[in-house]
Amino acid sequence: MGKLFEAVKISDSVYWVGAIDWAIRDFHGYSTNRGSTYNAYLIMADKITLLDTVKAPFKHELMTRISSVVDPSEISVVISNHSEMDHSGCLPDVIAEVRPDEIYASTMGVKALGKHFHAGLPITAVKDGERLSLGNRSLTFLETRMLHWPDSMFTYLEEEQILFAQDAFGMHLASAERFDDEIEDHILDYESAKYYANILMPFSPLVTKLLARVKELDLPIRLVAPDHGPIWRTGIPKILESYARWARQEPTTKAVVAYDTMWQSTAKMAVAVADGLTAGGATPRVVPLRSSHRSDLAMEILDAGALILGSPTINQQMFPTLADVLTYLKGLKPLNLVGAAFGSYGWSGEAVGYLNDLLKQMKVELVSDGVKVQYVPDDNALNECRALGVLVADRLKRTVAA
Ligand code: FEO
């Protein structure tokens with residue numbers, strides 16, 4: 001029997017020494033229903049190297065795993081690929097304990113870590129393409145600015161062909177298994193897509209450029225080791241292809257109908273819109289926002305061609321759940337969507353206009369002015385909603401066929 005929190009050997013000289021956060025369900029507003037991991041890696045080269053750390057409360061788990069391989073004071077080099085707190089939270093404490101000879105981050109990483117910790121950490125900036133010898137191993141740094149923070153970078157371990165990719169290609173998934181091929185495909189597909197939608201979607205044009213660069217570099221890659229979730233061993237071509245597809249966000253015939261309701265009038269309208277979408281040959285996904293998480297809606301948008309929003313008017317405003325998700329979705333910058341709005345009202349009816357305005361700000365192409373119904377929809381009003389669904393479906397089919 002081993003001991004608590006042992007390291008996991010993933011390659012000749014590399015160990016996973018991260019932490020498993022089984023309990024987290026809210027990651028800065030992203031619903032992490034399967035928990036997460038904070039991956040850190042120990043390279044047992046001539047110069048023993050630690051790549052990234054973990055969220056502060058998990059420092060003990062990190063240090064215990066390191067200690068299962070080597071005395072942490074033997075670590076010579078610490079590298080920060082990404083300064084966000086889930087990877088750097090315990091960096092100052094680790095540095096104080098380990099006292100490494102060398103600490104590296106990207107140029108922007110040095111600045112970001114300085115503004116996080118105000119600790120005067122002696123960090124050396126490395127440039128894009130710079131190599132670092134660890135004696136019998138060598139690393140190359142690749143800047144990946146704005147993927148997804150200004151400081152983000154990849155580190156490539158040449159002799160063992162491992163790409164340490166920080167957040168890229170990651171997912172929020174707590175598991176005892178460390179490799180992708182030990183986990184069911186449907187879980188990998190779902191969680192990697194949700195991660196892309198919520199973390200990387202705003203930077204899709206940069207993802208496309210990065211993938212082209214990685215292809216051009218033609219690096220042999222045996223493992224892709226992200227900072228969250230499993231290490232890619234078998235599914236590397238698949239996750240690269242998925243990223244290329246998600247970054248393109250090509251329109252499909254899937255239409256997301258996201259709504260909230262006060263007295264079920266807007267809910268009835270949503271169902272009628274969905275009926276029209278089906279009749280017109282599109283695939284509706286109806287998302288009741290009061291009981292759905294914004295990050296699950298983002299995931300639904302990732303491979304959709306249309307976003308149709310429904311809100312009642314309450315005190316001359318849209319319903320607050322719509323304001324929440326639209327603030328969030330606007331920031332995620334989804335591409336290539338058409339859309340429309342609908343909603344019930346009592347006497348003023350501003351909500352549909354506000355939704356239209358927000359859809360336009362999100363560069364969603366409106367297919368109509370929308371449907372407004374006073375109080376409770378009758379059959380005529382529901383048929384109008386159904387016709388809206390058919391109109392969107394026709395538009396999607398034409399776009400996809402083009
Ligand atoms: Fe996993 Fe951007 O931190």
# chains A, B, ... in the order shown; residues from 1 in each chain; ligands from 1
>>> residues_around(residues="Ala105 in chain A", least_positions_apart="5", cutoff="8 Å", atoms="only C-alpha atoms", output="PyMOL selection string")
chain A and resi 79-82+110+123-126+151
>>> write_last_selection(atoms="all heavy atoms", output="PDB file, in the first residue's frame")
ATOM      1  N   ILE A  79       8.665  26.901 -12.848  1.00  0.00           N
ATOM      2  CA  ILE A  79       8.143  27.603 -14.026  1.00  0.00           C
ATOM      3  C   ILE A  79       6.655  27.851 -13.826  1.00  0.00           C
ATOM      4  O   ILE A  79       5.915  26.944 -13.437  1.00  0.00           O
ATOM      5  CB  ILE A  79       8.359  26.750 -15.299  1.00  0.00           C
ATOM      6  CG1 ILE A  79       9.861  26.606 -15.569  1.00  0.00           C
ATOM      7  CG2 ILE A  79       7.647  27.370 -16.505  1.00  0.00           C
ATOM      8  CD1 ILE A  79      10.201  25.526 -16.566  1.00  0.00           C
ATOM      9  N   SER A  80       6.225  29.081 -14.099  1.00  0.00           N
ATOM     10  CA  SER A  80       4.791  29.401 -14.067  1.00  0.00           C
ATOM     11  C   SER A  80       4.311  29.610 -15.498  1.00  0.00           C
ATOM     12  O   SER A  80       4.684  30.589 -16.148  1.00  0.00           O
ATOM     13  CB  SER A  80       4.553  30.668 -13.238  1.00  0.00           C
ATOM     14  OG  SER A  80       3.215  31.099 -13.414  1.00  0.00           O
ATOM     15  N   ASN A  81       3.500  28.680 -15.976  1.00  0.00           N
ATOM     16  CA  ASN A  81       2.954  28.825 -17.332  1.00  0.00           C
ATOM     17  C   ASN A  81       1.765  29.782 -17.371  1.00  0.00           C
ATOM     18  O   ASN A  81       1.395  30.266 -18.426  1.00  0.00           O
ATOM     19  CB  ASN A  81       2.482  27.454 -17.857  1.00  0.00           C
ATOM     20  CG  ASN A  81       3.589  26.699 -18.585  1.00  0.00           C
ATOM     21  OD1 ASN A  81       4.611  27.276 -18.951  1.00  0.00           O
ATOM     22  ND2 ASN A  81       3.386  25.417 -18.795  1.00  0.00           N
ATOM     23  N   HIS A  82       1.157  30.001 -16.199  1.00  0.00           N
ATOM     24  CA  HIS A  82      -0.081  30.806 -16.172  1.00  0.00           C
ATOM     25  C   HIS A  82      -0.271  31.341 -14.761  1.00  0.00           C
ATOM     26  O   HIS A  82      -0.172  30.590 -13.795  1.00  0.00           O
ATOM     27  CB  HIS A  82      -1.250  29.904 -16.593  1.00  0.00           C
ATOM     28  CG  HIS A  82      -2.586  30.580 -16.622  1.00  0.00           C
ATOM     29  ND1 HIS A  82      -2.746  31.926 -16.820  1.00  0.00           N
ATOM     30  CD2 HIS A  82      -3.843  30.068 -16.505  1.00  0.00           C
ATOM     31  CE1 HIS A  82      -4.055  32.211 -16.809  1.00  0.00           C
ATOM     32  NE2 HIS A  82      -4.727  31.106 -16.604  1.00  0.00           N
ATOM     33  N   VAL A 110       5.561  37.616 -15.556  1.00  0.00           N
ATOM     34  CA  VAL A 110       6.339  38.288 -14.502  1.00  0.00           C
ATOM     35  C   VAL A 110       5.538  39.474 -13.969  1.00  0.00           C
ATOM     36  O   VAL A 110       5.413  39.686 -12.755  1.00  0.00           O
ATOM     37  CB  VAL A 110       7.710  38.745 -15.049  1.00  0.00           C
ATOM     38  CG1 VAL A 110       8.442  39.597 -14.020  1.00  0.00           C
ATOM     39  CG2 VAL A 110       8.548  37.531 -15.441  1.00  0.00           C
ATOM     40  N   ILE A 123      11.617  36.501 -10.385  1.00  0.00           N
ATOM     41  CA  ILE A 123      11.197  35.708 -11.551  1.00  0.00           C
ATOM     42  C   ILE A 123      11.872  36.252 -12.798  1.00  0.00           C
ATOM     43  O   ILE A 123      11.892  37.470 -13.028  1.00  0.00           O
ATOM     44  CB  ILE A 123       9.667  35.752 -11.735  1.00  0.00           C
ATOM     45  CG1 ILE A 123       8.970  35.380 -10.422  1.00  0.00           C
ATOM     46  CG2 ILE A 123       9.226  34.797 -12.847  1.00  0.00           C
ATOM     47  CD1 ILE A 123       7.462  35.524 -10.467  1.00  0.00           C
ATOM     48  N   THR A 124      12.411  35.362 -13.606  1.00  0.00           N
ATOM     49  CA  THR A 124      13.052  35.750 -14.868  1.00  0.00           C
ATOM     50  C   THR A 124      12.054  35.565 -16.004  1.00  0.00           C
ATOM     51  O   THR A 124      11.401  34.521 -16.089  1.00  0.00           O
ATOM     52  CB  THR A 124      14.292  34.863 -15.124  1.00  0.00           C
ATOM     53  OG1 THR A 124      15.172  35.001 -14.005  1.00  0.00           O
ATOM     54  CG2 THR A 124      15.004  35.250 -16.409  1.00  0.00           C
ATOM     55  N   ALA A 125      11.974  36.578 -16.875  1.00  0.00           N
ATOM     56  CA  ALA A 125      11.070  36.471 -18.022  1.00  0.00           C
ATOM     57  C   ALA A 125      11.721  35.657 -19.132  1.00  0.00           C
ATOM     58  O   ALA A 125      12.904  35.837 -19.420  1.00  0.00           O
ATOM     59  CB  ALA A 125      10.729  37.868 -18.536  1.00  0.00           C
ATOM     60  N   VAL A 126      10.932  34.760 -19.723  1.00  0.00           N
ATOM     61  CA  VAL A 126      11.428  34.024 -20.889  1.00  0.00           C
ATOM     62  C   VAL A 126      10.645  34.474 -22.116  1.00  0.00           C
ATOM     63  O   VAL A 126       9.472  34.824 -22.019  1.00  0.00           O
ATOM     64  CB  VAL A 126      11.311  32.494 -20.710  1.00  0.00           C
ATOM     65  CG1 VAL A 126      12.336  32.006 -19.714  1.00  0.00           C
ATOM     66  CG2 VAL A 126       9.907  32.068 -20.313  1.00  0.00           C
ATOM     67  N   ASP A 151      -0.551  36.439 -19.880  1.00  0.00           N
ATOM     68  CA  ASP A 151       0.678  35.788 -19.426  1.00  0.00           C
ATOM     69  C   ASP A 151       0.825  34.344 -19.917  1.00  0.00           C
ATOM     70  O   ASP A 151       1.875  33.729 -19.729  1.00  0.00           O
ATOM     71  CB  ASP A 151       0.662  35.743 -17.897  1.00  0.00           C
ATOM     72  CG  ASP A 151      -0.627  35.116 -17.386  1.00  0.00           C
ATOM     73  OD1 ASP A 151      -1.602  35.864 -17.179  1.00  0.00           O
ATOM     74  OD2 ASP A 151      -0.681  33.898 -17.249  1.00  0.00           O
TER      75      ASP A 151
END
>>> residues_near_ligand(ligand="ligand 1", cutoff="10 Å", atoms="only C-alpha atoms and all ligand atoms", output="CSV table (one decimal) with N, CA and C atoms, in the first residue's frame")
chain,number,residue,atom,x,y,z
A,27,PHE,N,-16.7,27.4,-10.3
A,27,PHE,CA,-15.4,27.9,-10.6
A,27,PHE,C,-15.6,29.3,-11.2
A,36,SER,N,-12.8,19.4,-10.3
A,36,SER,CA,-11.7,19.8,-11.2
A,36,SER,C,-10.4,19.2,-10.7
A,37,THR,N,-9.4,19.4,-11.4
A,37,THR,CA,-8.0,19.1,-10.9
A,37,THR,C,-7.2,20.4,-11.2
A,38,TYR,N,-6.2,20.6,-10.4
A,38,TYR,CA,-5.1,21.6,-10.7
A,38,TYR,C,-3.9,20.8,-10.9
A,39,ASN,N,-3.5,20.7,-12.1
A,39,ASN,CA,-2.3,19.9,-12.5
A,39,ASN,C,-1.0,20.6,-12.3
A,54,VAL,N,-0.5,24.9,-7.6
A,54,VAL,CA,-2.0,24.6,-7.5
A,54,VAL,C,-2.7,25.7,-6.7
A,55,LYS,N,-4.0,25.6,-6.6
A,55,LYS,CA,-4.8,26.6,-5.9
A,55,LYS,C,-4.3,26.6,-4.4
A,81,ASN,N,3.5,28.7,-16.0
A,81,ASN,CA,3.0,28.8,-17.3
A,81,ASN,C,1.8,29.8,-17.4
A,82,HIS,N,1.2,30.0,-16.2
A,82,HIS,CA,-0.1,30.8,-16.2
A,82,HIS,C,-0.3,31.3,-14.8
A,83,SER,N,-0.6,32.6,-14.7
A,83,SER,CA,-0.6,33.3,-13.3
A,83,SER,C,-1.9,33.2,-12.6
A,84,GLU,N,-3.0,32.7,-13.3
A,84,GLU,CA,-4.3,32.7,-12.6
A,84,GLU,C,-4.2,31.9,-11.3
A,85,MET,N,-4.9,32.3,-10.3
A,85,MET,CA,-4.8,31.8,-8.9
A,85,MET,C,-4.9,30.3,-8.8
A,86,ASP,N,-5.6,29.6,-9.7
A,86,ASP,CA,-5.8,28.2,-9.5
A,86,ASP,C,-4.5,27.5,-9.8
A,87,HIS,N,-3.5,28.2,-10.4
A,87,HIS,CA,-2.2,27.6,-10.7
A,87,HIS,C,-1.0,28.3,-10.0
A,88,SER,N,-1.3,29.5,-9.5
A,88,SER,CA,-0.2,30.2,-8.8
A,88,SER,C,-0.5,30.5,-7.4
A,147,LEU,N,-4.4,33.4,-24.5
A,147,LEU,CA,-5.0,32.1,-24.5
A,147,LEU,C,-4.8,31.5,-23.2
A,148,HIS,N,-5.5,31.9,-22.2
A,148,HIS,CA,-6.5,32.8,-22.3
A,148,HIS,C,-6.3,34.1,-21.5
A,149,TRP,N,-5.1,34.2,-20.9
A,149,TRP,CA,-4.7,35.5,-20.2
A,149,TRP,C,-3.4,36.0,-20.9
A,151,ASP,N,-0.6,36.4,-19.9
A,151,ASP,CA,0.7,35.8,-19.4
A,151,ASP,C,0.8,34.3,-19.9
A,152,SER,N,-0.2,33.8,-20.5
A,152,SER,CA,-0.3,32.3,-20.8
A,152,SER,C,0.9,31.9,-21.7
A,166,GLN,N,-0.9,24.5,-20.1
A,166,GLN,CA,-1.7,25.2,-19.1
A,166,GLN,C,-3.2,25.0,-19.3
A,167,ASP,N,-4.0,26.1,-19.4
A,167,ASP,CA,-5.4,25.8,-19.5
A,167,ASP,C,-5.9,25.2,-20.8
A,168,ALA,N,-5.2,25.4,-21.9
A,168,ALA,CA,-5.6,25.0,-23.2
A,168,ALA,C,-5.7,23.4,-23.2
A,170,GLY,N,-7.7,21.7,-21.6
A,170,GLY,CA,-8.1,21.2,-20.3
A,170,GLY,C,-9.6,21.0,-20.2
A,171,MET,N,-10.0,20.6,-19.0
A,171,MET,CA,-11.4,20.5,-18.7
A,171,MET,C,-11.6,20.4,-17.2
A,172,HIS,N,-12.7,20.8,-16.7
A,172,HIS,CA,-13.0,20.7,-15.2
A,172,HIS,C,-13.5,19.3,-15.0
A,199,ILE,N,-14.3,29.2,-21.4
A,199,ILE,CA,-13.0,29.8,-21.1
A,199,ILE,C,-12.3,30.3,-22.4
A,200,LEU,N,-12.4,29.6,-23.5
A,200,LEU,CA,-11.7,29.9,-24.7
A,200,LEU,C,-12.5,30.5,-25.8
A,226,PRO,N,-2.4,19.3,-19.8
A,226,PRO,CA,-3.0,20.6,-19.5
A,226,PRO,C,-3.0,20.8,-18.0
A,227,ASP,N,-3.4,22.0,-17.5
A,227,ASP,CA,-3.5,22.3,-16.1
A,227,ASP,C,-4.8,21.8,-15.4
A,228,HIS,N,-5.7,21.4,-16.2
A,228,HIS,CA,-7.0,20.8,-15.6
A,228,HIS,C,-7.4,19.5,-16.3
>>> closest_residue(among="A:Glu184, A:Asp260, A:Asp379, A:Glu191", to="Pro320 in chain A", atoms="only C-alpha atoms")
A:Asp260
>>> closest_residue(among="A:Lys268, A:Lys372, A:Arg25, A:Lys215", to="Ala244 in chain A", atoms="only C-alpha atoms")
A:Lys215
>>> closest_residue(among="A:Thr144, A:Ser76, A:Ser68, A:Asn336", to="Thr107 in chain A", atoms="only C-alpha atoms")
A:Thr144
>>> select_by_dssp(residues="range 110-352 of chain A", states="alpha helix (DSSP H)", output="PyMOL selection string")
chain A and resi 110-117+185-195+204-217+236-248+265-279+294-302+320-332+351-352
>>> residues_around(residues="range 270-284 of chain A", least_positions_apart="6", cutoff="6 Å", atoms="only C-alpha atoms", output="list in words")
Thr253, Lys254, Ala255, Val256, Leu382, Cys385, Arg386, Ala387, Gly389, Val390 and Ala393 of chain A
>>> residues_around(residues="range 325-327 of chain A", least_positions_apart="4", cutoff="9 Å", atoms="only C-alpha atoms", output="list in words")
Leu289, His293, Arg294, Ser295, Leu297, Ala298, Pro320, Thr321, Gly331, Leu355, Leu358, Leu359 and Met362 of chain A
>>> residues_around(residues="Val400 in chain A", least_positions_apart="3", cutoff="9 Å", atoms="only C-alpha atoms", output="VMD selection string")
chain A and resid 250 to 253 305 395 to 397
>>> closest_residue(among="A:Ala174, A:Leu302, A:Leu163, A:Met262", to="Leu219 in chain A", atoms="only C-alpha atoms")
A:Leu163
>>> residues_around(residues="Trp263 in chain A", least_positions_apart="6", cutoff="10 Å", atoms="only C-alpha atoms", output="ChimeraX atom specification")
/A:312,344,375-376
>>> closest_residue(among="A:Leu134, A:Leu335, A:Ile20, A:Ile43", to="Val364 in chain A", atoms="only C-alpha atoms")
A:Leu335
>>> closest_residue(among="A:Pro150, A:Gly353, A:Pro202, A:Pro230", to="Lys333 in chain A", atoms="only C-alpha atoms")
A:Pro202
>>> select_by_dssp(residues="range 105-348 of chain A", states="strand (DSSP E or B)", output="ChimeraX atom specification")
/A:105-106,124-126,131-133,138-143,153-157,162-166,179,223-226,231-232,254-259,283-288,306-310,313-314,317-318,338-345
>>> residues_around(residues="Val98 in chain A", least_positions_apart="5", cutoff="8 Å", atoms="only C-alpha atoms", output="list in words")
Pro72, Ser73, Glu74 and Ile75 of chain A
>>> closest_atom_pairs(of="range 85-199 of chain A", to="range 3-12 of chain A", cutoff="12 Å", atoms="only C-alpha atoms", output="tab-separated table")
residue	atom	partner	partner_atom	distance
A:Arg137	CA	A:Asp12	CA	11.1
A:Leu157	CA	A:Ser11	CA	10.9
A:Glu159	CA	A:Asp12	CA	9.6
A:Glu160	CA	A:Ser11	CA	7.2
A:Gln161	CA	A:Ser11	CA	9.6
A:Ile162	CA	A:Ser11	CA	8.8
A:Ala176	CA	A:Val8	CA	10.4
A:Glu177	CA	A:Val8	CA	9.8
A:Arg178	CA	A:Val8	CA	8.0
A:Phe179	CA	A:Ile10	CA	8.7
>>> write_last_selection(atoms="all heavy atoms", output="mmCIF file, in the first residue's frame")
data_model
loop_
_atom_site.group_PDB
_atom_site.id
_atom_site.type_symbol
_atom_site.label_atom_id
_atom_site.label_comp_id
_atom_site.auth_asym_id
_atom_site.auth_seq_id
_atom_site.Cartn_x
_atom_site.Cartn_y
_atom_site.Cartn_z
ATOM 1 N N ARG A 137 17.803 17.351 -19.974
ATOM 2 C CA ARG A 137 16.497 17.628 -20.601
ATOM 3 C C ARG A 137 16.485 19.081 -21.049
ATOM 4 O O ARG A 137 17.200 19.929 -20.488
ATOM 5 C CB ARG A 137 15.332 17.421 -19.611
ATOM 6 C CG ARG A 137 15.138 15.978 -19.148
ATOM 7 C CD ARG A 137 14.545 15.125 -20.271
ATOM 8 N NE ARG A 137 14.247 13.762 -19.838
ATOM 9 C CZ ARG A 137 15.118 12.756 -19.803
ATOM 10 N NH1 ARG A 137 16.375 12.965 -20.155
ATOM 11 N NH2 ARG A 137 14.743 11.544 -19.447
ATOM 12 N N LEU A 157 8.663 19.908 -23.566
ATOM 13 C CA LEU A 157 9.795 19.090 -23.106
ATOM 14 C C LEU A 157 10.237 18.201 -24.270
ATOM 15 O O LEU A 157 9.557 17.234 -24.638
ATOM 16 C CB LEU A 157 9.368 18.239 -21.899
ATOM 17 C CG LEU A 157 10.373 17.225 -21.371
ATOM 18 C CD1 LEU A 157 11.706 17.862 -20.992
ATOM 19 C CD2 LEU A 157 9.778 16.479 -20.169
ATOM 20 N N GLU A 159 12.839 16.041 -25.081
ATOM 21 C CA GLU A 159 13.256 14.629 -25.061
ATOM 22 C C GLU A 159 12.088 13.683 -24.847
ATOM 23 O O GLU A 159 12.125 12.530 -25.269
ATOM 24 C CB GLU A 159 14.302 14.390 -23.972
ATOM 25 C CG GLU A 159 15.649 15.058 -24.237
ATOM 26 C CD GLU A 159 15.647 16.546 -23.943
ATOM 27 O OE1 GLU A 159 14.623 17.070 -23.453
ATOM 28 O OE2 GLU A 159 16.670 17.203 -24.235
ATOM 29 N N GLU A 160 11.044 14.162 -24.178
ATOM 30 C CA GLU A 160 9.910 13.269 -23.901
ATOM 31 C C GLU A 160 8.655 13.683 -24.659
ATOM 32 O O GLU A 160 7.580 13.102 -24.462
ATOM 33 C CB GLU A 160 9.688 13.186 -22.382
ATOM 34 C CG GLU A 160 10.934 12.584 -21.731
ATOM 35 C CD GLU A 160 10.888 12.518 -20.225
ATOM 36 O OE1 GLU A 160 9.891 12.018 -19.693
ATOM 37 O OE2 GLU A 160 11.860 12.960 -19.590
ATOM 38 N N GLN A 161 8.802 14.687 -25.507
ATOM 39 C CA GLN A 161 7.738 15.110 -26.425
ATOM 40 C C GLN A 161 6.427 15.415 -25.693
ATOM 41 O O GLN A 161 5.360 14.926 -26.056
ATOM 42 C CB GLN A 161 7.537 14.047 -27.506
ATOM 43 C CG GLN A 161 8.803 13.778 -28.296
ATOM 44 C CD GLN A 161 8.665 12.648 -29.291
ATOM 45 O OE1 GLN A 161 7.639 11.979 -29.348
ATOM 46 N NE2 GLN A 161 9.693 12.442 -30.080
ATOM 47 N N ILE A 162 6.558 16.211 -24.644
ATOM 48 C CA ILE A 162 5.370 16.585 -23.870
ATOM 49 C C ILE A 162 5.122 18.081 -24.027
ATOM 50 O O ILE A 162 6.032 18.895 -23.834
ATOM 51 C CB ILE A 162 5.545 16.263 -22.362
ATOM 52 C CG1 ILE A 162 5.871 14.776 -22.172
ATOM 53 C CG2 ILE A 162 4.275 16.632 -21.593
ATOM 54 C CD1 ILE A 162 6.143 14.402 -20.717
ATOM 55 N N ALA A 176 -9.763 10.097 -10.568
ATOM 56 C CA ALA A 176 -8.583 9.401 -10.074
ATOM 57 C C ALA A 176 -7.682 9.023 -11.242
ATOM 58 O O ALA A 176 -6.485 8.804 -11.071
ATOM 59 C CB ALA A 176 -9.011 8.147 -9.311
ATOM 60 N N GLU A 177 -8.273 8.945 -12.446
ATOM 61 C CA GLU A 177 -7.507 8.567 -13.631
ATOM 62 C C GLU A 177 -6.772 9.799 -14.153
ATOM 63 O O GLU A 177 -7.306 10.899 -14.141
ATOM 64 C CB GLU A 177 -8.443 8.031 -14.731
ATOM 65 C CG GLU A 177 -9.226 6.801 -14.322
ATOM 66 C CD GLU A 177 -10.449 7.122 -13.464
ATOM 67 O OE1 GLU A 177 -10.858 8.306 -13.422
ATOM 68 O OE2 GLU A 177 -10.977 6.196 -12.817
ATOM 69 N N ARG A 178 -5.585 9.590 -14.669
ATOM 70 C CA ARG A 178 -4.764 10.723 -15.114
ATOM 71 C C ARG A 178 -4.723 10.871 -16.632
ATOM 72 O O ARG A 178 -4.306 11.900 -17.141
ATOM 73 C CB ARG A 178 -3.325 10.604 -14.584
ATOM 74 C CG ARG A 178 -3.188 10.670 -13.086
ATOM 75 C CD ARG A 178 -3.123 12.100 -12.556
ATOM 76 N NE ARG A 178 -4.334 12.865 -12.748
ATOM 77 C CZ ARG A 178 -5.412 12.834 -11.965
ATOM 78 N NH1 ARG A 178 -5.446 12.061 -10.914
ATOM 79 N NH2 ARG A 178 -6.476 13.560 -12.240
ATOM 80 N N PHE A 179 -5.102 9.812 -17.369
ATOM 81 C CA PHE A 179 -4.991 9.877 -18.830
ATOM 82 C C PHE A 179 -6.366 9.823 -19.486
ATOM 83 O O PHE A 179 -7.298 9.202 -18.969
ATOM 84 C CB PHE A 179 -4.130 8.722 -19.346
ATOM 85 C CG PHE A 179 -2.675 8.864 -18.983
ATOM 86 C CD1 PHE A 179 -2.150 8.162 -17.907
ATOM 87 C CD2 PHE A 179 -1.857 9.716 -19.691
ATOM 88 C CE1 PHE A 179 -0.809 8.296 -17.562
ATOM 89 C CE2 PHE A 179 -0.516 9.864 -19.350
ATOM 90 C CZ PHE A 179 0.016 9.155 -18.292
#
>>> atom_distance(atom1="CA of Ala19 in chain A", atom2="CA of Phe58 in chain A")
6.3 Å
